[in-house]
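Below is input16.txt, which holds compact mmCIF, C-alpha atoms.
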# COMPACT_ATOMS: atom_id res chain seq x y z
CA MET U 173 -72.88 26.49 -12.25
CA ASN U 174 -71.68 29.31 -14.46
CA LEU U 175 -68.59 31.45 -14.49
CA GLN U 176 -69.17 34.38 -12.15
CA LYS U 177 -67.34 37.52 -11.11
CA PHE U 178 -67.79 39.04 -7.66
CA SER U 179 -66.79 42.16 -5.79
CA ILE U 180 -67.15 42.70 -2.07
CA ASP U 181 -70.36 44.65 -2.65
CA ASP U 182 -71.97 41.39 -3.79
CA ALA U 183 -71.49 39.75 -0.37
CA ALA U 184 -74.32 39.62 2.19
CA PHE U 185 -72.34 39.63 5.41
CA GLU U 186 -73.45 37.76 8.51
CA ARG U 187 -71.71 37.21 11.82
CA SER U 188 -69.32 34.29 11.71
CA PRO U 189 -71.32 31.52 13.40
CA GLY U 190 -70.60 30.34 16.92
CA GLN U 191 -68.90 33.48 18.17
CA GLU U 192 -69.57 37.08 19.16
CA ALA U 193 -66.67 39.01 17.68
CA ASP U 194 -67.04 41.60 14.94
CA VAL U 195 -66.09 39.06 12.32
CA PHE U 196 -68.43 38.67 9.36
CA VAL U 197 -68.56 36.29 6.44
CA GLY U 198 -70.35 36.59 3.13
CA ASN U 199 -70.59 33.49 0.96
CA LEU U 200 -70.84 34.07 -2.77
CA VAL U 201 -70.59 30.49 -4.01
CA ASP U 202 -71.48 27.62 -1.68
CA GLU U 203 -73.43 24.39 -1.29
CA ARG U 204 -76.43 26.00 -2.97
CA HIS U 205 -74.57 26.15 -6.28
CA GLY U 206 -73.39 22.57 -6.72
CA GLY U 207 -69.64 23.06 -6.95
CA PRO U 208 -66.92 21.63 -4.68
CA VAL U 209 -65.82 24.81 -2.87
CA THR U 210 -67.28 27.72 -0.95
CA VAL U 211 -66.08 31.19 -2.00
CA GLY U 212 -66.68 34.41 -0.11
CA TYR U 213 -65.42 37.55 1.57
CA GLY U 214 -64.58 38.00 5.26
CA ARG U 215 -64.61 41.28 7.16
CA TYR U 216 -62.89 41.77 10.53
CA GLY U 217 -63.36 44.79 12.77
CA PRO U 218 -60.31 46.26 14.56
CA ASN U 219 -58.59 44.09 17.18
CA GLN U 220 -61.01 41.17 16.99
CA THR U 221 -60.24 37.59 17.97
CA LEU U 222 -61.83 34.44 16.60
CA ALA U 223 -60.84 31.00 17.91
CA GLU U 224 -62.05 27.84 16.18
CA THR U 225 -61.11 24.35 15.18
CA LEU U 226 -61.38 24.18 11.41
CA THR U 227 -64.00 21.78 10.07
CA VAL U 228 -62.82 22.42 6.49
CA HIS U 229 -59.67 23.30 4.61
CA ASP U 230 -59.69 27.11 4.48
CA VAL U 231 -57.56 29.37 2.24
CA MET U 232 -57.64 33.09 3.08
CA VAL U 233 -56.30 35.81 0.79
CA VAL U 234 -55.82 39.06 2.72
CA LEU U 235 -57.11 42.00 0.69
CA GLU U 236 -56.95 44.81 3.27
CA GLY U 237 -55.48 45.18 6.75
CA ARG U 238 -53.58 42.48 8.61
CA LEU U 239 -54.42 39.20 10.34
CA SER U 240 -52.34 37.11 12.70
CA VAL U 241 -53.14 33.41 12.86
CA SER U 242 -51.87 31.37 15.78
CA THR U 243 -51.68 27.62 16.26
CA GLU U 244 -49.92 25.64 18.93
CA THR U 245 -46.77 25.74 16.82
CA GLY U 246 -46.59 29.49 16.26
CA THR U 247 -48.05 32.63 14.74
CA VAL U 248 -48.04 33.99 11.20
CA THR U 249 -49.09 37.50 10.18
CA ALA U 250 -50.43 38.25 6.71
CA GLY U 251 -51.09 41.56 4.97
CA PRO U 252 -52.53 42.59 1.61
CA GLY U 253 -51.84 40.10 -1.17
CA GLU U 254 -50.67 37.39 1.20
CA ILE U 255 -52.28 33.96 1.59
CA VAL U 256 -52.86 31.83 4.68
CA SER U 257 -53.58 28.14 4.01
CA MET U 258 -55.26 26.50 6.99
CA PRO U 259 -55.74 22.73 7.02
CA LYS U 260 -58.90 21.02 8.26
CA GLY U 261 -58.62 19.97 11.89
CA GLU U 262 -56.27 22.76 12.91
CA ALA U 263 -57.14 24.77 16.05
CA VAL U 264 -56.53 28.39 15.10
CA THR U 265 -56.87 31.80 16.70
CA ILE U 266 -57.29 34.57 14.15
CA ARG U 267 -56.63 38.10 15.36
CA SER U 268 -57.13 41.31 13.44
CA HIS U 269 -54.98 44.38 14.06
CA GLU U 270 -55.94 48.04 14.58
CA ASP U 271 -57.17 48.54 11.01
CA GLY U 272 -59.33 45.42 10.82
CA ALA U 273 -59.09 43.28 7.72
CA VAL U 274 -60.86 42.13 4.57
CA THR U 275 -60.23 38.66 3.14
CA ALA U 276 -61.33 36.49 0.28
CA TYR U 277 -61.73 32.84 1.25
CA VAL U 278 -62.12 29.47 -0.42
CA THR U 279 -63.07 26.41 1.64
CA HIS U 280 -63.25 22.72 0.77
CA PRO U 281 -65.66 21.21 1.44
CA HIS U 282 -68.42 23.74 2.13
CA TRP U 283 -67.87 25.23 5.59
CA ARG U 284 -71.55 25.76 6.33
CA VAL U 285 -72.37 22.11 5.75
CA ALA U 286 -69.37 20.98 7.81
CA PHE U 287 -70.20 23.42 10.61
CA VAL U 288 -73.77 22.20 11.00
CA THR U 289 -72.91 18.53 10.78
CA MET N 543 -50.05 19.49 6.21
CA ASN N 544 -49.46 22.51 8.43
CA LEU N 545 -50.85 26.00 8.46
CA GLN N 546 -48.75 28.15 6.14
CA LYS N 547 -48.54 31.78 5.12
CA PHE N 548 -47.32 32.82 1.69
CA SER N 549 -46.41 35.98 -0.15
CA ILE N 550 -45.79 36.28 -3.87
CA ASP N 551 -42.04 36.09 -3.28
CA ASP N 552 -42.52 32.49 -2.16
CA ALA N 553 -43.82 31.41 -5.58
CA ALA N 554 -41.53 29.76 -8.15
CA PHE N 555 -43.19 30.87 -11.38
CA GLU N 556 -43.28 28.71 -14.49
CA ARG N 557 -45.03 29.25 -17.79
CA SER N 558 -48.64 28.14 -17.69
CA PRO N 559 -48.48 24.73 -19.40
CA GLY N 560 -49.71 24.14 -22.92
CA GLN N 561 -49.40 27.71 -24.17
CA GLU N 562 -46.87 30.37 -25.13
CA ALA N 563 -48.21 33.57 -23.64
CA ASP N 564 -46.45 35.50 -20.88
CA VAL N 565 -48.67 33.91 -18.26
CA PHE N 566 -46.94 32.27 -15.33
CA VAL N 567 -48.17 30.19 -12.41
CA GLY N 568 -46.50 29.42 -9.11
CA ASN N 569 -48.04 26.71 -6.97
CA LEU N 570 -47.52 27.03 -3.22
CA VAL N 571 -49.71 24.18 -2.01
CA ASP N 572 -50.56 21.31 -4.35
CA GLU N 573 -50.72 17.53 -4.78
CA ARG N 574 -47.32 17.21 -3.07
CA HIS N 575 -48.81 18.33 0.23
CA GLY N 576 -51.77 16.00 0.65
CA GLY N 577 -54.62 18.50 0.89
CA PRO N 578 -57.65 18.83 -1.39
CA VAL N 579 -56.82 22.09 -3.18
CA THR N 580 -53.98 23.72 -5.09
CA VAL N 581 -53.07 27.26 -4.01
CA GLY N 582 -50.78 29.64 -5.87
CA TYR N 583 -50.10 32.95 -7.54
CA GLY N 584 -50.54 33.81 -11.22
CA ARG N 585 -48.69 36.53 -13.10
CA TYR N 586 -49.84 37.92 -16.47
CA GLY N 587 -47.77 40.19 -18.69
CA PRO N 588 -49.49 43.11 -20.47
CA ASN N 589 -52.10 42.27 -23.10
CA GLN N 590 -51.71 38.50 -22.93
CA THR N 591 -54.35 35.96 -23.93
CA LEU N 592 -54.77 32.44 -22.58
CA ALA N 593 -57.49 30.12 -23.91
CA GLU N 594 -58.23 26.83 -22.19
CA THR N 595 -60.96 24.43 -21.22
CA LEU N 596 -60.84 24.11 -17.45
CA THR N 597 -59.99 20.66 -16.12
CA VAL N 598 -60.62 21.83 -12.53
CA HIS N 599 -62.76 24.29 -10.65
CA ASP N 600 -60.64 27.46 -10.50
CA VAL N 601 -61.16 30.50 -8.24
CA MET N 602 -59.03 33.56 -9.07
CA VAL N 603 -58.66 36.55 -6.75
CA VAL N 604 -57.25 39.52 -8.66
CA LEU N 605 -54.54 41.26 -6.61
CA GLU N 606 -53.11 43.71 -9.17
CA GLY N 607 -54.13 44.83 -12.66
CA ARG N 608 -57.20 43.64 -14.52
CA LEU N 609 -58.31 40.48 -16.27
CA SER N 610 -61.20 39.89 -18.64
CA VAL N 611 -62.59 36.38 -18.82
CA SER N 612 -64.77 35.40 -21.75
CA THR N 613 -67.00 32.39 -22.26
CA GLU N 614 -69.56 31.71 -24.93
CA THR N 615 -72.13 33.53 -22.81
CA GLY N 616 -70.20 36.75 -22.26
CA THR N 617 -67.24 38.55 -20.71
CA VAL N 618 -66.52 39.66 -17.14
CA THR N 619 -63.70 42.00 -16.12
CA ALA N 620 -62.18 41.87 -12.64
CA GLY N 621 -59.79 44.24 -10.89
CA PRO N 622 -58.01 44.28 -7.53
CA GLY N 623 -59.99 42.56 -4.76
CA GLU N 624 -62.45 40.97 -7.15
CA ILE N 625 -63.03 37.23 -7.56
CA VAL N 626 -63.72 35.16 -10.66
CA SER N 627 -65.16 31.70 -10.00
CA MET N 628 -64.65 29.42 -13.02
CA PRO N 629 -66.35 26.01 -13.06
CA LYS N 630 -64.66 22.86 -14.31
CA GLY N 631 -65.45 22.14 -17.95
CA GLU N 632 -65.88 25.77 -18.96
CA ALA N 633 -64.02 26.98 -22.07
CA VAL N 634 -62.52 30.33 -21.10
CA THR N 635 -60.36 32.99 -22.70
CA ILE N 636 -58.49 35.05 -20.11
CA ARG N 637 -57.06 38.35 -21.31
CA SER N 638 -54.87 40.76 -19.36
CA HIS N 639 -54.97 44.50 -19.95
CA GLU N 640 -52.14 47.01 -20.45
CA ASP N 641 -50.84 46.74 -16.89
CA GLY N 642 -50.78 42.94 -16.75
CA ALA N 643 -52.18 41.26 -13.64
CA VAL N 644 -51.35 39.30 -10.52
CA THR N 645 -53.78 36.76 -9.09
CA ALA N 646 -54.08 34.31 -6.23
CA TYR N 647 -55.78 31.07 -7.25
CA VAL N 648 -57.32 28.04 -5.60
CA THR N 649 -58.21 24.99 -7.68
CA HIS N 650 -60.12 21.80 -6.83
CA PRO N 651 -58.93 19.22 -7.49
CA HIS N 652 -55.24 19.79 -8.19
CA TRP N 653 -54.85 21.35 -11.64
CA ARG N 654 -51.50 19.76 -12.39
CA VAL N 655 -52.85 16.25 -11.82
CA ALA N 656 -55.96 16.99 -13.90
CA PHE N 657 -53.92 18.59 -16.68
CA VAL N 658 -51.61 15.59 -17.07
CA THR N 659 -54.38 13.00 -16.87
Can the structure in the file be given as structure tokens, please?
Amino acid sequence: MNLQKFSIDDAAFERSPGQEADVFVGNLVDERHGGPVTVGYGRYGPNQTLAETLTVHDVMVVLEGRLSVSTETGTVTAGPGEIVSMPKGEAVTIRSHEDGAVTAYVTHPHWRVAFVT
Amino acid sequence: MNLQKFSIDDAAFERSPGQEADVFVGNLVDERHGGPVTVGYGRYGPNQTLAETLTVHDVMVVLEGRLSVSTETGTVTAGPGEIVSMPKGEAVTIRSHEDGAVTAYVTHPHWRVAFVT
């Protein structure tokens, strides 16, 4: 694996698996490349909701818009430049606001492998 | 480990170890918290240079300013919203431009443990 630089235009977005919301993910580095983490961009339409139990440790960096993430212990809201660190096993509900959101994410291990397993 | 949200004001910056440039790192999640990755913010003064051989896999998301990262095979330059994925073992020179830079980073495994070992 080599050093690589990415912008959001490099991402091939697909619907986040297992749900119907306008939430899209685009992996840039993943299990195909041999490293330990998956790296990509996420794109959320306005006022979308995604509920899932995390099969991986997931770090989101909000680049545009705002996201609120709720667990049974409360809700945090993150805007541009803020980070949400979500541990594996947590049941989360992620909600975008009226402007949607763009994120960069890093997961360990690879979310696609964990999701299928 | 719980879900957590961070902004740059949460980071306690310290000089990046082993060098003298105006490059500072502030871990938010690391080996103290039991998860697999270190998460933090980086802050680069104007026109600084940091050369190191990576002891961990390091993903940088540029939040402000610009950084150029050089290896023996070439140089990439990243600005706000862009990602640089740097594999463990790579010898890199990271250079900030006239406006300095702010990054979010995720490393696997924990860089502080790898650096000391």
How would chain N read as an mmCIF file with C-alpha atoms, in the frame of the given file once least-squares superposed on chain U using all paired C-alpha atoms?
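Here's the written file out20.cif:
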data_model
loop_
_atom_site.group_PDB
_atom_site.id
_atom_site.type_symbol
_atom_site.label_atom_id
_atom_site.label_comp_id
_atom_site.auth_asym_id
_atom_site.auth_seq_id
_atom_site.Cartn_x
_atom_site.Cartn_y
_atom_site.Cartn_z
ATOM 1 C CA MET N 543 -72.883 26.452 -12.257
ATOM 2 C CA ASN N 544 -71.698 29.307 -14.457
ATOM 3 C CA LEU N 545 -68.608 31.443 -14.469
ATOM 4 C CA GLN N 546 -69.169 34.382 -12.131
ATOM 5 C CA LYS N 547 -67.335 37.514 -11.089
ATOM 6 C CA PHE N 548 -67.780 39.034 -7.650
ATOM 7 C CA SER N 549 -66.790 42.158 -5.789
ATOM 8 C CA ILE N 550 -67.147 42.728 -2.066
ATOM 9 C CA ASP N 551 -70.373 44.650 -2.649
ATOM 10 C CA ASP N 552 -71.966 41.394 -3.792
ATOM 11 C CA ALA N 553 -71.487 39.754 -0.381
ATOM 12 C CA ALA N 554 -74.312 39.632 2.183
ATOM 13 C CA PHE N 555 -72.320 39.617 5.417
ATOM 14 C CA GLU N 556 -73.447 37.749 8.513
ATOM 15 C CA ARG N 557 -71.696 37.209 11.813
ATOM 16 C CA SER N 558 -69.305 34.286 11.699
ATOM 17 C CA PRO N 559 -71.330 31.525 13.388
ATOM 18 C CA GLY N 560 -70.639 30.331 16.902
ATOM 19 C CA GLN N 561 -68.921 33.467 18.174
ATOM 20 C CA GLU N 562 -69.556 37.077 19.156
ATOM 21 C CA ALA N 563 -66.665 39.008 17.682
ATOM 22 C CA ASP N 564 -67.057 41.607 14.938
ATOM 23 C CA VAL N 565 -66.085 39.070 12.304
ATOM 24 C CA PHE N 566 -68.429 38.681 9.367
ATOM 25 C CA VAL N 567 -68.552 36.286 6.432
ATOM 26 C CA GLY N 568 -70.364 36.590 3.131
ATOM 27 C CA ASN N 569 -70.579 33.495 0.971
ATOM 28 C CA LEU N 570 -70.829 34.072 -2.776
ATOM 29 C CA VAL N 571 -70.582 30.494 -4.008
ATOM 30 C CA ASP N 572 -71.468 27.619 -1.687
ATOM 31 C CA GLU N 573 -73.429 24.381 -1.280
ATOM 32 C CA ARG N 574 -76.434 26.008 -2.985
ATOM 33 C CA HIS N 575 -74.568 26.136 -6.281
ATOM 34 C CA GLY N 576 -73.394 22.559 -6.722
ATOM 35 C CA GLY N 577 -69.636 23.064 -6.952
ATOM 36 C CA PRO N 578 -66.934 21.646 -4.677
ATOM 37 C CA VAL N 579 -65.822 24.808 -2.865
ATOM 38 C CA THR N 580 -67.287 27.727 -0.939
ATOM 39 C CA VAL N 581 -66.082 31.185 -1.996
ATOM 40 C CA GLY N 582 -66.673 34.423 -0.117
ATOM 41 C CA TYR N 583 -65.409 37.545 1.575
ATOM 42 C CA GLY N 584 -64.572 37.994 5.259
ATOM 43 C CA ARG N 585 -64.609 41.272 7.160
ATOM 44 C CA TYR N 586 -62.887 41.771 10.536
ATOM 45 C CA GLY N 587 -63.357 44.794 12.774
ATOM 46 C CA PRO N 588 -60.310 46.261 14.568
ATOM 47 C CA ASN N 589 -58.607 44.100 17.187
ATOM 48 C CA GLN N 590 -61.019 41.178 16.995
ATOM 49 C CA THR N 591 -60.230 37.595 17.974
ATOM 50 C CA LEU N 592 -61.828 34.440 16.602
ATOM 51 C CA ALA N 593 -60.850 30.994 17.912
ATOM 52 C CA GLU N 594 -62.054 27.855 16.171
ATOM 53 C CA THR N 595 -61.109 24.351 15.180
ATOM 54 C CA LEU N 596 -61.380 24.175 11.409
ATOM 55 C CA THR N 597 -63.996 21.781 10.059
ATOM 56 C CA VAL N 598 -62.818 22.429 6.475
ATOM 57 C CA HIS N 599 -59.670 23.303 4.606
ATOM 58 C CA ASP N 600 -59.679 27.118 4.480
ATOM 59 C CA VAL N 601 -57.559 29.375 2.237
ATOM 60 C CA MET N 602 -57.638 33.097 3.090
ATOM 61 C CA VAL N 603 -56.286 35.806 0.789
ATOM 62 C CA VAL N 604 -55.818 39.048 2.720
ATOM 63 C CA LEU N 605 -57.108 42.010 0.686
ATOM 64 C CA GLU N 606 -56.945 44.826 3.264
ATOM 65 C CA GLY N 607 -55.481 45.172 6.759
ATOM 66 C CA ARG N 608 -53.588 42.469 8.605
ATOM 67 C CA LEU N 609 -54.417 39.212 10.334
ATOM 68 C CA SER N 610 -52.341 37.106 12.694
ATOM 69 C CA VAL N 611 -53.129 33.412 12.850
ATOM 70 C CA SER N 612 -51.861 31.371 15.769
ATOM 71 C CA THR N 613 -51.673 27.626 16.256
ATOM 72 C CA GLU N 614 -49.922 25.625 18.917
ATOM 73 C CA THR N 615 -46.771 25.730 16.802
ATOM 74 C CA GLY N 616 -46.593 29.484 16.276
ATOM 75 C CA THR N 617 -48.058 32.631 14.743
ATOM 76 C CA VAL N 618 -48.037 33.977 11.182
ATOM 77 C CA THR N 619 -49.087 37.493 10.182
ATOM 78 C CA ALA N 620 -50.419 38.249 6.704
ATOM 79 C CA GLY N 621 -51.093 41.556 4.974
ATOM 80 C CA PRO N 622 -52.547 42.597 1.618
ATOM 81 C CA GLY N 623 -51.847 40.085 -1.167
ATOM 82 C CA GLU N 624 -50.683 37.384 1.208
ATOM 83 C CA ILE N 625 -52.273 33.946 1.594
ATOM 84 C CA VAL N 626 -52.850 31.821 4.680
ATOM 85 C CA SER N 627 -53.567 28.147 3.996
ATOM 86 C CA MET N 628 -55.259 26.513 7.003
ATOM 87 C CA PRO N 629 -55.733 22.732 7.019
ATOM 88 C CA LYS N 630 -58.886 21.038 8.253
ATOM 89 C CA GLY N 631 -58.634 19.978 11.887
ATOM 90 C CA GLU N 632 -56.267 22.756 12.918
ATOM 91 C CA ALA N 633 -57.150 24.774 16.039
ATOM 92 C CA VAL N 634 -56.542 28.400 15.093
ATOM 93 C CA THR N 635 -56.869 31.801 16.714
ATOM 94 C CA ILE N 636 -57.281 34.568 14.140
ATOM 95 C CA ARG N 637 -56.646 38.100 15.363
ATOM 96 C CA SER N 638 -57.131 41.332 13.432
ATOM 97 C CA HIS N 639 -54.977 44.386 14.045
ATOM 98 C CA GLU N 640 -55.944 48.040 14.566
ATOM 99 C CA ASP N 641 -57.170 48.558 11.007
ATOM 100 C CA GLY N 642 -59.324 45.428 10.844
ATOM 101 C CA ALA N 643 -59.084 43.274 7.721
ATOM 102 C CA VAL N 644 -60.856 42.121 4.591
ATOM 103 C CA THR N 645 -60.237 38.669 3.141
ATOM 104 C CA ALA N 646 -61.340 36.481 0.265
ATOM 105 C CA TYR N 647 -61.721 32.836 1.262
ATOM 106 C CA VAL N 648 -62.114 29.470 -0.410
ATOM 107 C CA THR N 649 -63.066 26.425 1.650
ATOM 108 C CA HIS N 650 -63.241 22.716 0.776
ATOM 109 C CA PRO N 651 -65.662 21.223 1.423
ATOM 110 C CA HIS N 652 -68.420 23.738 2.134
ATOM 111 C CA TRP N 653 -67.886 25.231 5.594
ATOM 112 C CA ARG N 654 -71.557 25.758 6.342
ATOM 113 C CA VAL N 655 -72.376 22.092 5.747
ATOM 114 C CA ALA N 656 -69.381 20.972 7.825
ATOM 115 C CA PHE N 657 -70.197 23.417 10.619
ATOM 116 C CA VAL N 658 -73.783 22.196 10.996
ATOM 117 C CA THR N 659 -72.911 18.507 10.774
#
Give one line per residue of chain N that approaches chain U to at most 6 Å, naming the two atoms of the closest pair and their distance in Å to one decimal, counting all atoms listed in the file; sort by chain then ascending residue number and deliver it as CSV.
residue,atom,partner,partner_atom,distance
N:Leu545,CA,U:Met258,CA,4.7
N:Gln546,CA,U:Ser257,CA,5.3
N:Lys547,CA,U:Val256,CA,4.3
N:Phe548,CA,U:Ile255,CA,5.1
N:Ser549,CA,U:Glu254,CA,4.7
N:Glu624,CA,U:Ser179,CA,4.7
N:Ile625,CA,U:Phe178,CA,5.1
N:Val626,CA,U:Lys177,CA,4.3
N:Ser627,CA,U:Gln176,CA,5.3
N:Met628,CA,U:Leu175,CA,4.7
### Query
Which residues, protein or nucleic acid, reach to within 7 Å of (-54.7, 38.0, -13.3) in the file's coordinates when using only C-alpha atoms, and can you give that as a VMD selection string?
chain N and resid 584 to 586 604 607 to 609 638 643 to 645
### Query
Got a sec: who's within 12 Å of Asp194 in chain U, counting only C-alpha atoms, leaving out chain neighbours fewer than 4 positions off, as a ChimeraX atom specification?
/U:185-190,214-222,267-268,272-273
Quick one: write out the picked residues with C-alpha atoms as a compact mmCIF listing (two decimals), in the coordinates of the input?
# COMPACT_ATOMS: atom_id res chain seq x y z
CA PHE U 185 -72.34 39.63 5.41
CA GLU U 186 -73.45 37.76 8.51
CA ARG U 187 -71.71 37.21 11.82
CA SER U 188 -69.32 34.29 11.71
CA PRO U 189 -71.32 31.52 13.40
CA GLY U 190 -70.60 30.34 16.92
CA GLY U 214 -64.58 38.00 5.26
CA ARG U 215 -64.61 41.28 7.16
CA TYR U 216 -62.89 41.77 10.53
CA GLY U 217 -63.36 44.79 12.77
CA PRO U 218 -60.31 46.26 14.56
CA ASN U 219 -58.59 44.09 17.18
CA GLN U 220 -61.01 41.17 16.99
CA THR U 221 -60.24 37.59 17.97
CA LEU U 222 -61.83 34.44 16.60
CA ARG U 267 -56.63 38.10 15.36
CA SER U 268 -57.13 41.31 13.44
CA GLY U 272 -59.33 45.42 10.82
CA ALA U 273 -59.09 43.28 7.72
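Taking CA of Ala593 in chain N and CA of Gly568 in chain N as endpoints, the distance between them is 18.4 Å.
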Your completed range 188-196 of chain U with all heavy atoms, as a compact mmCIF listing (two decimals), keeping the file's coordinate frame:
# COMPACT_ATOMS: atom_id res chain seq x y z
N SER U 188 -69.91 35.62 11.79
CA SER U 188 -69.32 34.29 11.71
C SER U 188 -69.95 33.43 12.80
O SER U 188 -69.98 33.82 13.96
CB SER U 188 -67.80 34.40 11.90
OG SER U 188 -67.18 33.16 11.76
N PRO U 189 -70.50 32.27 12.45
CA PRO U 189 -71.32 31.52 13.40
C PRO U 189 -70.53 31.01 14.59
O PRO U 189 -69.36 30.69 14.48
CB PRO U 189 -71.86 30.35 12.57
CG PRO U 189 -70.98 30.25 11.40
CD PRO U 189 -70.42 31.61 11.14
N GLY U 190 -71.21 30.94 15.74
CA GLY U 190 -70.60 30.34 16.92
C GLY U 190 -69.72 31.27 17.71
O GLY U 190 -69.03 30.83 18.63
N GLN U 191 -69.73 32.55 17.41
CA GLN U 191 -68.90 33.48 18.17
C GLN U 191 -69.50 34.88 18.12
O GLN U 191 -70.43 35.14 17.36
CB GLN U 191 -67.45 33.44 17.71
CG GLN U 191 -67.24 33.55 16.22
CD GLN U 191 -67.31 34.97 15.74
OE1 GLN U 191 -66.73 35.84 16.37
NE2 GLN U 191 -68.02 35.21 14.65
N GLU U 192 -68.97 35.77 18.94
CA GLU U 192 -69.57 37.08 19.16
C GLU U 192 -68.71 38.23 18.67
O GLU U 192 -69.04 39.38 18.88
CB GLU U 192 -69.80 37.28 20.67
CG GLU U 192 -70.47 36.13 21.37
CD GLU U 192 -71.90 36.46 21.74
OE1 GLU U 192 -72.10 37.45 22.45
OE2 GLU U 192 -72.81 35.73 21.28
N ALA U 193 -67.57 37.94 18.11
CA ALA U 193 -66.67 39.01 17.68
C ALA U 193 -67.24 39.73 16.46
O ALA U 193 -68.18 39.25 15.81
CB ALA U 193 -65.29 38.44 17.36
N ASP U 194 -66.66 40.88 16.16
CA ASP U 194 -67.04 41.60 14.94
C ASP U 194 -66.28 41.01 13.76
O ASP U 194 -65.38 41.63 13.19
CB ASP U 194 -66.75 43.10 15.09
CG ASP U 194 -67.81 43.78 15.95
OD1 ASP U 194 -68.92 43.22 16.10
OD2 ASP U 194 -67.54 44.87 16.47
N VAL U 195 -66.67 39.79 13.44
CA VAL U 195 -66.09 39.06 12.32
C VAL U 195 -67.26 38.56 11.48
O VAL U 195 -68.14 37.86 12.00
CB VAL U 195 -65.21 37.88 12.78
CG1 VAL U 195 -64.64 37.15 11.57
CG2 VAL U 195 -64.08 38.37 13.67
N PHE U 196 -67.28 38.94 10.22
CA PHE U 196 -68.43 38.67 9.36
C PHE U 196 -67.99 37.93 8.11
O PHE U 196 -66.89 38.17 7.60
CB PHE U 196 -69.13 39.98 8.99
CG PHE U 196 -69.63 40.72 10.19
CD1 PHE U 196 -68.81 41.62 10.87
CD2 PHE U 196 -70.90 40.49 10.68
CE1 PHE U 196 -69.26 42.28 12.01
CE2 PHE U 196 -71.36 41.15 11.82
CZ PHE U 196 -70.53 42.05 12.48
